[in-house]
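Trainee: Handing over my_file_3.cif, mmCIF, C-alpha atoms.
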data_structure
loop_
_atom_site.group_PDB
_atom_site.id
_atom_site.type_symbol
_atom_site.label_atom_id
_atom_site.label_comp_id
_atom_site.auth_asym_id
_atom_site.auth_seq_id
_atom_site.Cartn_x
_atom_site.Cartn_y
_atom_site.Cartn_z
ATOM 1 C CA MET A 1 -11.168 21.227 24.966
ATOM 2 C CA SER A 2 -7.572 20.175 24.516
ATOM 3 C CA ILE A 3 -8.320 18.610 21.133
ATOM 4 C CA ILE A 4 -8.983 21.957 19.521
ATOM 5 C CA ILE A 5 -5.374 22.898 20.196
ATOM 6 C CA ASN A 6 -4.231 20.172 17.827
ATOM 7 C CA ILE A 7 -6.146 21.670 14.924
ATOM 8 C CA ASN A 8 -3.410 23.253 12.878
ATOM 9 C CA LYS A 9 -4.362 26.680 11.605
ATOM 10 C CA LEU A 10 -1.998 26.264 8.677
ATOM 11 C CA PHE A 11 -3.943 23.280 7.393
ATOM 12 C CA ASP A 12 -7.273 24.972 7.917
ATOM 13 C CA HIS A 13 -7.389 25.999 4.277
ATOM 14 C CA ARG A 14 -8.568 23.928 1.338
ATOM 15 C CA ILE A 15 -5.490 24.361 -0.861
ATOM 16 C CA ARG A 16 -2.876 23.899 1.853
ATOM 17 C CA LEU A 17 -4.778 20.869 3.103
ATOM 18 C CA GLY A 18 -4.755 19.528 -0.462
ATOM 19 C CA ILE A 19 -1.032 20.120 -0.985
ATOM 20 C CA MET A 20 -0.201 18.238 2.220
ATOM 21 C CA SER A 21 -2.587 15.363 1.404
ATOM 22 C CA ILE A 22 -0.878 14.831 -1.940
ATOM 23 C CA LEU A 23 2.637 15.081 -0.507
ATOM 24 C CA MET A 24 1.809 12.586 2.259
ATOM 25 C CA VAL A 25 1.391 9.747 -0.249
ATOM 26 C CA ASN A 26 3.872 10.804 -2.953
ATOM 27 C CA GLU A 27 7.610 11.056 -2.530
ATOM 28 C CA SER A 28 7.767 14.266 -4.537
ATOM 29 C CA VAL A 29 5.340 16.115 -6.788
ATOM 30 C CA ASP A 30 6.082 18.856 -9.305
ATOM 31 C CA PHE A 31 4.349 22.219 -9.538
ATOM 32 C CA ASN A 32 2.233 21.418 -12.597
ATOM 33 C CA THR A 33 0.926 18.145 -11.198
ATOM 34 C CA LEU A 34 -0.099 19.914 -7.993
ATOM 35 C CA LYS A 35 -1.775 22.619 -10.032
ATOM 36 C CA GLU A 36 -3.753 20.056 -12.030
ATOM 37 C CA LEU A 37 -4.768 17.961 -9.046
ATOM 38 C CA LEU A 38 -5.928 20.951 -7.029
ATOM 39 C CA ASP A 39 -7.331 22.944 -9.943
ATOM 40 C CA VAL A 40 -5.822 26.273 -8.874
ATOM 41 C CA THR A 41 -3.968 29.128 -10.560
ATOM 42 C CA ASP A 42 -0.176 29.488 -10.576
ATOM 43 C CA GLY A 43 -0.141 32.467 -8.251
ATOM 44 C CA ASN A 44 -2.549 30.932 -5.807
ATOM 45 C CA LEU A 45 -0.586 27.695 -5.565
ATOM 46 C CA ALA A 46 2.742 29.503 -5.295
ATOM 47 C CA SER A 47 1.589 31.605 -2.358
ATOM 48 C CA HIS A 48 0.332 28.564 -0.456
ATOM 49 C CA THR A 49 3.434 26.473 -1.089
ATOM 50 C CA LYS A 50 5.482 29.419 0.160
ATOM 51 C CA THR A 51 3.486 29.491 3.400
ATOM 52 C CA LEU A 52 4.047 25.783 3.962
ATOM 53 C CA GLU A 53 7.709 26.135 3.064
ATOM 54 C CA LYS A 54 8.207 28.916 5.601
ATOM 55 C CA SER A 55 6.885 26.659 8.370
ATOM 56 C CA ASN A 56 9.304 23.938 7.223
ATOM 57 C CA TYR A 57 6.444 21.569 6.406
ATOM 58 C CA ILE A 58 7.579 21.154 2.819
ATOM 59 C CA VAL A 59 10.831 21.623 0.904
ATOM 60 C CA VAL A 60 11.285 22.888 -2.624
ATOM 61 C CA GLU A 61 13.737 21.423 -5.100
ATOM 62 C CA LYS A 62 14.433 23.443 -8.210
ATOM 63 C CA SER A 63 16.116 21.836 -11.181
ATOM 64 C CA PHE A 64 16.130 21.894 -14.963
ATOM 65 C CA ILE A 65 14.722 19.330 -17.336
ATOM 66 C CA GLY A 66 16.498 20.293 -20.541
ATOM 67 C CA ARG A 67 15.940 24.044 -20.554
ATOM 68 C CA LYS A 68 12.670 24.004 -18.682
ATOM 69 C CA PRO A 69 12.765 24.808 -14.997
ATOM 70 C CA ASN A 70 11.179 22.131 -12.855
ATOM 71 C CA THR A 71 10.009 22.711 -9.313
ATOM 72 C CA LYS A 72 9.398 19.745 -7.052
ATOM 73 C CA TYR A 73 7.876 19.670 -3.617
ATOM 74 C CA LYS A 74 8.420 17.208 -0.803
ATOM 75 C CA ALA A 75 6.874 16.968 2.641
ATOM 76 C CA THR A 76 9.386 17.169 5.475
ATOM 77 C CA ARG A 77 9.371 14.844 8.440
ATOM 78 C CA SER A 78 7.979 17.557 10.692
ATOM 79 C CA GLY A 79 5.383 18.433 8.051
ATOM 80 C CA LYS A 80 4.174 14.845 7.910
ATOM 81 C CA ALA A 81 4.043 14.611 11.706
ATOM 82 C CA ALA A 82 2.106 17.873 11.950
ATOM 83 C CA PHE A 83 -0.342 16.760 9.285
ATOM 84 C CA LYS A 84 -0.935 13.420 11.015
ATOM 85 C CA LYS A 85 -1.669 15.275 14.238
ATOM 86 C CA HIS A 86 -4.089 17.503 12.353
ATOM 87 C CA ILE A 87 -5.963 14.523 10.864
ATOM 88 C CA GLU A 88 -6.186 12.874 14.278
ATOM 89 C CA ALA A 89 -7.592 16.080 15.732
ATOM 90 C CA LEU A 90 -10.188 16.272 12.963
ATOM 91 C CA GLU A 91 -11.212 12.673 13.541
ATOM 92 C CA ASN A 92 -11.472 13.196 17.280
ATOM 93 C CA LEU A 93 -13.633 16.276 16.817
ATOM 94 C CA ILE A 94 -16.010 14.378 14.549
ATOM 95 C CA LYS A 95 -16.211 11.479 16.987
ATOM 96 C CA LYS A 96 -16.793 13.779 19.964
ATOM 97 C CA GLN A 97 -19.720 15.509 18.333
ATOM 98 C CA ASN A 98 -21.438 12.351 17.198
ATOM 99 C CA MET B 1 -21.793 23.245 11.066
ATOM 100 C CA ALA B 2 -18.185 23.106 12.156
ATOM 101 C CA LYS B 3 -18.452 19.356 12.165
ATOM 102 C CA GLU B 4 -19.555 19.356 8.570
ATOM 103 C CA LYS B 5 -16.495 21.331 7.560
ATOM 104 C CA TYR B 6 -14.249 18.793 9.282
ATOM 105 C CA LEU B 7 -16.019 15.921 7.543
ATOM 106 C CA ASP B 8 -15.503 17.704 4.242
ATOM 107 C CA ASP B 9 -11.830 18.147 5.068
ATOM 108 C CA ILE B 10 -11.402 14.442 5.808
ATOM 109 C CA SER B 11 -13.108 13.333 2.615
ATOM 110 C CA GLU B 12 -11.084 15.869 0.626
ATOM 111 C CA ILE B 13 -7.867 14.488 2.124
ATOM 112 C CA LYS B 14 -8.852 10.922 1.265
ATOM 113 C CA GLU B 15 -9.925 11.838 -2.242
ATOM 114 C CA LEU B 16 -6.707 13.689 -3.029
ATOM 115 C CA MET B 17 -4.499 10.987 -1.540
ATOM 116 C CA ASN B 18 -6.193 8.403 -3.734
ATOM 117 C CA ARG B 19 -6.321 10.485 -6.868
ATOM 118 C CA SER B 20 -2.687 11.582 -6.658
ATOM 119 C CA SER B 21 -1.224 8.151 -6.001
ATOM 120 C CA ARG B 22 -3.622 5.589 -7.449
ATOM 121 C CA PHE B 23 -5.026 5.166 -10.903
ATOM 122 C CA ILE B 24 -8.720 4.752 -10.175
ATOM 123 C CA SER B 25 -10.102 4.870 -13.704
ATOM 124 C CA LEU B 26 -9.301 1.221 -14.389
ATOM 125 C CA SER B 27 -12.497 -0.214 -15.829
ATOM 126 C CA GLY B 28 -14.036 -3.327 -14.284
ATOM 127 C CA LEU B 29 -15.875 -4.088 -17.491
ATOM 128 C CA SER B 30 -12.569 -4.456 -19.348
ATOM 129 C CA GLY B 31 -11.630 -7.225 -16.889
ATOM 130 C CA ILE B 32 -14.843 -9.065 -17.737
ATOM 131 C CA MET B 33 -14.154 -8.666 -21.461
ATOM 132 C CA ALA B 34 -10.549 -9.879 -21.061
ATOM 133 C CA GLY B 35 -11.894 -12.976 -19.321
ATOM 134 C CA ILE B 36 -14.352 -13.649 -22.120
ATOM 135 C CA TYR B 37 -11.628 -13.308 -24.790
ATOM 136 C CA ALA B 38 -9.444 -15.702 -22.809
ATOM 137 C CA LEU B 39 -12.251 -18.277 -22.625
ATOM 138 C CA VAL B 40 -12.925 -17.990 -26.367
ATOM 139 C CA GLY B 41 -9.194 -18.395 -27.034
ATOM 140 C CA ALA B 42 -9.033 -21.424 -24.743
ATOM 141 C CA TYR B 43 -12.017 -22.935 -26.552
ATOM 142 C CA TYR B 44 -10.287 -22.655 -29.938
ATOM 143 C CA ALA B 45 -7.003 -23.953 -28.557
ATOM 144 C CA ASN B 46 -8.826 -26.907 -27.065
ATOM 145 C CA ASN B 47 -10.382 -27.668 -30.454
ATOM 146 C CA ILE B 48 -6.962 -27.716 -32.087
ATOM 147 C CA ILE B 49 -5.686 -30.089 -29.424
ATOM 148 C CA LYS B 50 -8.673 -32.394 -29.868
ATOM 149 C CA ASN B 51 -8.222 -32.549 -33.647
ATOM 150 C CA ILE B 52 -4.566 -33.409 -33.329
ATOM 151 C CA GLU B 53 -5.339 -36.029 -30.713
ATOM 152 C CA ILE B 54 -7.797 -37.688 -33.064
ATOM 153 C CA GLU B 55 -5.403 -37.499 -36.006
ATOM 154 C CA SER B 56 -2.225 -38.602 -34.315
ATOM 155 C CA GLY B 57 -3.283 -40.476 -31.228
ATOM 156 C CA PHE B 58 -0.719 -38.523 -29.181
ATOM 157 C CA LYS B 59 -1.581 -37.084 -25.835
ATOM 158 C CA ARG B 60 -1.569 -33.467 -24.762
ATOM 159 C CA PHE B 61 1.910 -32.087 -24.234
ATOM 160 C CA VAL B 62 3.565 -33.777 -27.176
ATOM 161 C CA ILE B 63 1.470 -31.670 -29.490
ATOM 162 C CA ALA B 64 3.068 -28.354 -28.768
ATOM 163 C CA PHE B 65 5.801 -28.992 -31.372
ATOM 164 C CA ASN B 66 3.810 -28.971 -34.565
ATOM 165 C CA SER B 67 1.056 -26.551 -33.629
ATOM 166 C CA ALA B 68 3.025 -24.028 -31.616
ATOM 167 C CA GLU B 69 2.400 -21.256 -34.172
ATOM 168 C CA LYS B 70 -1.387 -21.666 -33.989
ATOM 169 C CA PHE B 71 -1.368 -21.478 -30.205
ATOM 170 C CA LEU B 72 0.893 -18.476 -30.342
ATOM 171 C CA LEU B 73 -1.481 -16.740 -32.745
ATOM 172 C CA ILE B 74 -4.454 -17.374 -30.460
ATOM 173 C CA ALA B 75 -2.504 -16.089 -27.475
ATOM 174 C CA VAL B 76 -1.430 -12.932 -29.311
ATOM 175 C CA LEU B 77 -4.990 -12.262 -30.517
ATOM 176 C CA VAL B 78 -6.387 -12.674 -26.994
ATOM 177 C CA ILE B 79 -3.772 -10.298 -25.557
ATOM 178 C CA VAL B 80 -4.314 -7.678 -28.294
ATOM 179 C CA PHE B 81 -8.099 -7.731 -27.903
ATOM 180 C CA ALA B 82 -7.947 -7.700 -24.097
ATOM 181 C CA ALA B 83 -5.418 -4.853 -23.929
ATOM 182 C CA GLY B 84 -7.272 -2.890 -26.623
ATOM 183 C CA THR B 85 -10.612 -3.181 -24.840
ATOM 184 C CA CYS B 86 -8.976 -2.261 -21.546
ATOM 185 C CA ILE B 87 -7.446 0.909 -23.009
ATOM 186 C CA VAL B 88 -10.703 2.007 -24.705
ATOM 187 C CA LEU B 89 -12.963 1.354 -21.683
ATOM 188 C CA THR B 90 -10.494 2.855 -19.225
ATOM 189 C CA TYR B 91 -10.154 5.915 -21.439
ATOM 190 C CA LYS B 92 -13.944 6.307 -21.474
ATOM 191 C CA LYS B 93 -14.192 5.903 -17.726
ATOM 192 C CA SER B 94 -11.471 8.459 -17.023
ATOM 193 C CA LYS B 95 -13.162 10.917 -19.370
ATOM 194 C CA ARG B 96 -16.497 10.406 -17.642
ATOM 195 C CA ASN B 97 -14.859 11.133 -14.284
ATOM 196 C CA GLY B 98 -13.033 14.126 -15.704
ATOM 197 C CA LEU B 99 -9.623 12.610 -15.035
ATOM 198 C CA LYS B 100 -6.586 12.219 -17.241
ATOM 199 C CA ILE B 101 -5.702 8.759 -18.501
ATOM 200 C CA TRP B 102 -1.981 9.424 -18.864
ATOM 201 C CA ASP B 103 -0.812 10.961 -15.597
ATOM 202 C CA VAL B 104 1.623 10.217 -12.804
ATOM 203 C CA SER B 105 -0.540 7.462 -11.306
ATOM 204 C CA SER B 106 -1.228 5.605 -14.549
ATOM 205 C CA LYS B 107 2.464 5.762 -15.482
ATOM 206 C CA LYS B 108 3.416 4.353 -12.086
ATOM 207 C CA MET B 109 0.801 1.625 -12.391
ATOM 208 C CA LEU B 110 1.899 0.651 -15.883
ATOM 209 C CA THR B 111 5.646 0.511 -15.185
ATOM 210 C CA ASN B 112 5.057 -1.555 -12.068
ATOM 211 C CA PHE B 113 2.780 -3.875 -14.015
ATOM 212 C CA LEU B 114 5.181 -4.263 -16.924
ATOM 213 C CA ILE B 115 8.365 -5.075 -14.998
ATOM 214 C CA PRO B 116 7.260 -8.557 -13.797
ATOM 215 C CA LEU B 117 5.215 -9.106 -16.952
ATOM 216 C CA VAL B 118 8.075 -8.463 -19.378
ATOM 217 C CA SER B 119 10.461 -10.539 -17.244
ATOM 218 C CA GLY B 120 7.970 -13.407 -17.384
ATOM 219 C CA GLY B 121 7.522 -12.930 -21.116
ATOM 220 C CA ILE B 122 11.249 -13.138 -21.760
ATOM 221 C CA PHE B 123 11.528 -16.179 -19.508
ATOM 222 C CA CYS B 124 8.708 -17.914 -21.406
ATOM 223 C CA PHE B 125 10.384 -17.042 -24.674
ATOM 224 C CA ALA B 126 13.552 -18.685 -23.389
ATOM 225 C CA MET B 127 11.583 -21.846 -22.572
ATOM 226 C CA PHE B 128 10.054 -21.775 -26.033
ATOM 227 C CA TRP B 129 13.538 -21.322 -27.472
ATOM 228 C CA ASN B 130 14.858 -24.316 -25.586
ATOM 229 C CA ASP B 131 11.858 -26.495 -26.472
ATOM 230 C CA VAL B 132 10.734 -26.679 -22.868
ATOM 231 C CA TYR B 133 6.977 -26.301 -23.086
ATOM 232 C CA GLU B 134 5.826 -27.999 -19.930
ATOM 233 C CA TYR B 135 6.017 -25.037 -17.607
ATOM 234 C CA ILE B 136 4.946 -22.236 -19.936
ATOM 235 C CA ALA B 137 1.327 -22.211 -18.727
ATOM 236 C CA SER B 138 2.225 -22.012 -15.048
ATOM 237 C CA THR B 139 4.995 -19.463 -15.687
ATOM 238 C CA THR B 140 2.679 -17.091 -17.581
ATOM 239 C CA LEU B 141 0.100 -17.337 -14.802
ATOM 240 C CA ILE B 142 2.604 -16.787 -11.990
ATOM 241 C CA PHE B 143 4.292 -13.792 -13.629
ATOM 242 C CA TYR B 144 0.973 -12.226 -14.625
ATOM 243 C CA GLY B 145 -0.214 -12.623 -11.042
ATOM 244 C CA LEU B 146 2.974 -10.993 -9.783
ATOM 245 C CA ALA B 147 2.470 -8.144 -12.258
ATOM 246 C CA CYS B 148 -1.063 -7.545 -10.926
ATOM 247 C CA LEU B 149 0.180 -7.726 -7.354
ATOM 248 C CA ASN B 150 2.905 -5.182 -8.105
ATOM 249 C CA ALA B 151 0.583 -2.802 -9.968
ATOM 250 C CA SER B 152 -2.105 -2.980 -7.284
ATOM 251 C CA LYS B 153 -0.196 -0.521 -5.102
ATOM 252 C CA TYR B 154 -0.993 2.154 -7.661
ATOM 253 C CA THR B 155 -4.552 1.283 -8.614
ATOM 254 C CA LEU B 156 -7.768 -0.184 -7.185
ATOM 255 C CA GLY B 157 -6.995 -2.538 -4.291
ATOM 256 C CA ASP B 158 -8.978 -5.445 -5.754
ATOM 257 C CA VAL B 159 -6.231 -6.001 -8.347
ATOM 258 C CA ARG B 160 -4.073 -7.260 -5.477
ATOM 259 C CA TYR B 161 -6.456 -10.147 -4.791
ATOM 260 C CA LEU B 162 -6.767 -10.911 -8.495
ATOM 261 C CA GLY B 163 -2.957 -11.165 -8.573
ATOM 262 C CA ILE B 164 -2.760 -13.461 -5.544
ATOM 263 C CA THR B 165 -5.504 -15.741 -6.910
ATOM 264 C CA ILE B 166 -3.733 -16.076 -10.255
ATOM 265 C CA ILE B 167 -0.356 -16.776 -8.603
ATOM 266 C CA VAL B 168 -1.961 -19.610 -6.601
ATOM 267 C CA ILE B 169 -3.597 -21.046 -9.734
ATOM 268 C CA GLY B 170 -0.230 -20.835 -11.538
ATOM 269 C CA LEU B 171 1.549 -22.655 -8.726
ATOM 270 C CA ILE B 172 -1.062 -25.403 -8.629
ATOM 271 C CA SER B 173 -0.865 -25.782 -12.411
ATOM 272 C CA SER B 174 2.887 -26.403 -12.227
ATOM 273 C CA PHE B 175 2.067 -29.722 -10.547
ATOM 274 C CA TYR B 176 -0.350 -30.734 -13.315
ATOM 275 C CA ILE B 177 1.678 -30.596 -16.512
ATOM 276 C CA GLY B 178 -0.381 -31.105 -19.644
ATOM 277 C CA TYR B 179 -3.458 -29.406 -18.247
ATOM 278 C CA GLY B 180 -2.139 -25.875 -18.708
ATOM 279 C CA LEU B 181 -5.012 -24.870 -20.951
ATOM 280 C CA TYR B 182 -7.601 -25.579 -18.251
ATOM 281 C CA PHE B 183 -5.620 -23.561 -15.716
ATOM 282 C CA TRP B 184 -5.280 -20.767 -18.254
ATOM 283 C CA ALA B 185 -9.038 -20.730 -18.778
ATOM 284 C CA LEU B 186 -9.508 -20.694 -15.003
ATOM 285 C CA GLY B 187 -6.902 -17.992 -14.288
ATOM 286 C CA PHE B 188 -7.118 -15.656 -17.264
ATOM 287 C CA GLY B 189 -10.758 -16.419 -18.041
ATOM 288 C CA LEU B 190 -12.853 -16.997 -14.940
ATOM 289 C CA CYS B 191 -10.722 -14.957 -12.496
ATOM 290 C CA HIS B 192 -10.835 -11.898 -14.753
ATOM 291 C CA ILE B 193 -14.594 -12.222 -15.134
ATOM 292 C CA LEU B 194 -15.039 -12.663 -11.367
ATOM 293 C CA TYR B 195 -12.852 -9.743 -10.300
ATOM 294 C CA GLY B 196 -14.013 -7.598 -13.221
ATOM 295 C CA THR B 197 -17.607 -8.069 -12.064
ATOM 296 C CA ILE B 198 -16.717 -7.224 -8.468
ATOM 297 C CA MET B 199 -14.879 -4.066 -9.563
ATOM 298 C CA HIS B 200 -17.646 -3.087 -11.947
ATOM 299 C CA PHE B 201 -20.319 -3.187 -9.272
ATOM 300 C CA LYS B 202 -18.100 -1.737 -6.574
ATOM 301 C CA TYR B 203 -16.828 1.316 -8.479
ATOM 302 C CA ASP B 204 -18.312 1.846 -11.935
ATOM 303 C CA ARG B 205 -21.975 1.480 -11.108
ATOM 304 C CA LYS B 206 -21.687 3.688 -8.061
ATOM 305 C CA ARG B 207 -19.897 6.391 -10.005
ATOM 306 C CA THR B 208 -22.474 6.629 -12.743
ATOM 307 C CA LYS B 209 -25.248 6.982 -10.182
ATOM 308 C CA ASN B 210 -23.717 10.083 -8.612
#
Could you spell out this file's structure in structure tokens?
Mentor:
Amino acid sequence: MSIIININKLFDHRIRLGIMSILMVNESVDFNTLKELLDVTDGNLASHTKTLEKSNYIVVEKSFIGRKPNTKYKATRSGKAAFKKHIEALENLIKKQN
Amino acid sequence: MAKEKYLDDISEIKELMNRSSRFISLSGLSGIMAGIYALVGAYYANNIIKNIEIESGFKRFVIAFNSAEKFLLIAVLVIVFAAGTCIVLTYKKSKRNGLKIWDVSSKKMLTNFLIPLVSGGIFCFAMFWNDVYEYIASTTLIFYGLACLNASKYTLGDVRYLGITIIVIGLISSFYIGYGLYFWALGFGLCHILYGTIMHFKYDRKRTKN
């Protein structure tokens, strides 16, 4: 049952899984776009991005557009690698059980 | 039951990757309509050519001088109608799917589409300016094909093959000067109808069923 080990607990949540999926195919995505795509509240999204940030899977870039603060998220190299591993593990599990 | 959750996860990943990076609301029907407008335009342009041929006895590519404005008008009308229909139908489709029409993915698609297209437009204008008409048909086709190819990274994958087909038609047409109108009808008319139909049945029909 070595495959189970590759299932990443951090990605075993709908919103965190969603954040990583989006950041895998986009160079960087801002807070509001993430919020719209995932259909979640500010607080909910913020807490999940913080979790991913703490594990160094994503980085946050804060800047200003005019006077408005703008927060952008990017997936790190280790985040992308971890997510790929997670997807492979999911696929293997599905194949095994078929 | 665990397996079902994993399957859900995988499809959620795929869906979000597509939705966040590709503009999937592009309507297939608008491609078909664009093709029909192009064929109608080509029909009228062909009539003008025929009339002039009868009147003057000159053959095809000499004619461009005195009737350039009429051809230009037809071309502009075709583009306006095609783009207008595309915007309306795409707007409807995105609304039906509950998606925004003006978001990151549509902006990316549009800028990547416009860069080759505008370059080609300016280049064609330069040829017009210099009274070089022979290669305008093939140039428009080639640049439009390149625009589709470039935009396809940010929208439905079929646009890539539409682009490649039109580039090939444009290249072939550059060897047959004087027959530009037929290649235009083939590229802008028939290819749009063909790929529009494929996209319509592949995506639009399926979506309405769900």
Trainee: Which distance in Å separates atom CA of Gly120 of chain B and atom CA of Val25 of chain A, to one decimal?
Mentor: 29.5 Å
Trainee: What do you get, as a CSV table (one decimal) with C-alpha atoms, in the frame of the given file, if you spell out every residue that the PyMOL selection byres ((chain B and resi 178-195) around 8) selects here?
Mentor:
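New file result30.csv:
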chain,number,residue,atom,x,y,z
B,28,GLY,CA,-14.0,-3.3,-14.3
B,31,GLY,CA,-11.6,-7.2,-16.9
B,32,ILE,CA,-14.8,-9.1,-17.7
B,33,MET,CA,-14.2,-8.7,-21.5
B,34,ALA,CA,-10.5,-9.9,-21.1
B,35,GLY,CA,-11.9,-13.0,-19.3
B,36,ILE,CA,-14.4,-13.6,-22.1
B,37,TYR,CA,-11.6,-13.3,-24.8
B,38,ALA,CA,-9.4,-15.7,-22.8
B,39,LEU,CA,-12.3,-18.3,-22.6
B,42,ALA,CA,-9.0,-21.4,-24.7
B,45,ALA,CA,-7.0,-24.0,-28.6
B,46,ASN,CA,-8.8,-26.9,-27.1
B,60,ARG,CA,-1.6,-33.5,-24.8
B,61,PHE,CA,1.9,-32.1,-24.2
B,134,GLU,CA,5.8,-28.0,-19.9
B,137,ALA,CA,1.3,-22.2,-18.7
B,138,SER,CA,2.2,-22.0,-15.0
B,141,LEU,CA,0.1,-17.3,-14.8
B,158,ASP,CA,-9.0,-5.4,-5.8
B,159,VAL,CA,-6.2,-6.0,-8.3
B,162,LEU,CA,-6.8,-10.9,-8.5
B,165,THR,CA,-5.5,-15.7,-6.9
B,166,ILE,CA,-3.7,-16.1,-10.3
B,169,ILE,CA,-3.6,-21.0,-9.7
B,170,GLY,CA,-0.2,-20.8,-11.5
B,173,SER,CA,-0.9,-25.8,-12.4
B,176,TYR,CA,-0.4,-30.7,-13.3
B,177,ILE,CA,1.7,-30.6,-16.5
B,196,GLY,CA,-14.0,-7.6,-13.2
B,197,THR,CA,-17.6,-8.1,-12.1
B,198,ILE,CA,-16.7,-7.2,-8.5
B,199,MET,CA,-14.9,-4.1,-9.6
Trainee: Axis-aligned box over every listed atom of segment 56-75 of chain A, padded by 3 Å per side: centre and edges in Å to one decimal, as AutoDock Vina command-line options?
Mentor:
--center_x 11.5 --center_y 20.9 --center_z -6.7 --size_x 16.1 --size_y 13.8 --size_z 33.8
Trainee: If you measure from atom CA of Ile48 of chain B to atom CA of Trp129 of chain B, what distance in Å do you get, rounded to one decimal?
Mentor: 22.0 Å
Trainee: At what distance in Å, to one decimal, does atom CA of Ile58 of chain A lie from atom CA of Asn18 of chain B?
Mentor: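 Going from atom CA of Asn18 of chain B over to atom CA of Ile58 of chain A, I get 19.9 Å.
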Trainee: Please report as CSV every residue of chain A lying within 8 Å of chain B, along with the nearest atom pair and their distance in Å (one decimal), using all atoms listed in the file.
Mentor:
residue,atom,partner,partner_atom,distance
A:Arg14,CA,B:Asp9,CA,7.6
A:Leu17,CA,B:Ile13,CA,7.2
A:Gly18,CA,B:Ile13,CA,6.5
A:Ser21,CA,B:Ile13,CA,5.4
A:Ile22,CA,B:Met17,CA,5.3
A:Met24,CA,B:Met17,CA,7.5
A:Val25,CA,B:Met17,CA,6.2
A:Asn26,CA,B:Ser21,CA,6.5
A:Leu37,CA,B:Ser20,CA,7.1
A:Ile87,CA,B:Ile10,CA,7.4
A:Leu90,CA,B:Tyr6,CA,6.0
A:Glu91,CA,B:Ile10,CA,7.9
A:Leu93,CA,B:Lys3,CA,7.4
A:Ile94,CA,B:Lys3,CA,6.0
A:Gln97,CA,B:Lys3,CA,7.4
Trainee: Which is closer to Tyr73 of chain A than all the others in A:Leu45, A:Ile15, A:Met20, A:Val29, using all atoms listed in the file?
Mentor: A:Val29
Trainee: Save segment 22-61 of chain A of the structure in the block above to a file, with C-alpha atoms included, as a short mmCIF file (atom, residue, chain, number, x, y, z; two decimals), in the first residue's frame.
Mentor:
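To be explicit, this is the file written out as result_38.cif:
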data_model
loop_
_atom_site.label_atom_id
_atom_site.label_comp_id
_atom_site.auth_asym_id
_atom_site.auth_seq_id
_atom_site.Cartn_x
_atom_site.Cartn_y
_atom_site.Cartn_z
CA ILE A 22 -5.43 26.82 -11.04
CA LEU A 23 -1.85 27.77 -10.13
CA MET A 24 -0.46 24.77 -12.04
CA VAL A 25 -1.61 26.19 -15.38
CA ASN A 26 -1.34 29.94 -14.70
CA GLU A 27 1.85 31.83 -13.99
CA SER A 28 0.19 33.91 -11.30
CA VAL A 29 -3.40 34.51 -10.23
CA ASP A 30 -4.77 37.29 -8.04
CA PHE A 31 -6.99 36.86 -4.99
CA ASN A 32 -10.23 37.97 -6.64
CA THR A 33 -9.83 35.69 -9.65
CA LEU A 34 -9.23 32.74 -7.34
CA LYS A 35 -12.27 33.71 -5.32
CA GLU A 36 -14.45 33.84 -8.43
CA LEU A 37 -13.16 30.61 -9.92
CA LEU A 38 -13.59 28.67 -6.69
CA ASP A 39 -16.75 30.41 -5.53
CA VAL A 40 -15.63 30.84 -1.92
CA THR A 41 -15.67 33.62 0.67
CA ASP A 42 -12.71 35.90 1.39
CA GLY A 43 -11.99 34.42 4.79
CA ASN A 44 -12.25 30.86 3.60
CA LEU A 45 -9.87 31.43 0.70
CA ALA A 46 -7.42 33.39 2.84
CA SER A 47 -7.14 30.61 5.41
CA HIS A 48 -6.46 27.98 2.74
CA THR A 49 -3.89 30.06 0.88
CA LYS A 50 -2.15 30.61 4.22
CA THR A 51 -1.96 26.86 4.79
CA LEU A 52 -0.43 26.29 1.37
CA GLU A 53 1.94 29.20 1.88
CA LYS A 54 3.18 27.80 5.18
CA SER A 55 4.13 24.53 3.45
CA ASN A 56 5.99 26.55 0.80
CA TYR A 57 3.73 25.24 -1.96
CA ILE A 58 2.72 28.73 -3.03
CA VAL A 59 4.17 32.23 -2.67
CA VAL A 60 2.31 35.47 -2.16
CA GLU A 61 3.20 38.72 -3.88
#
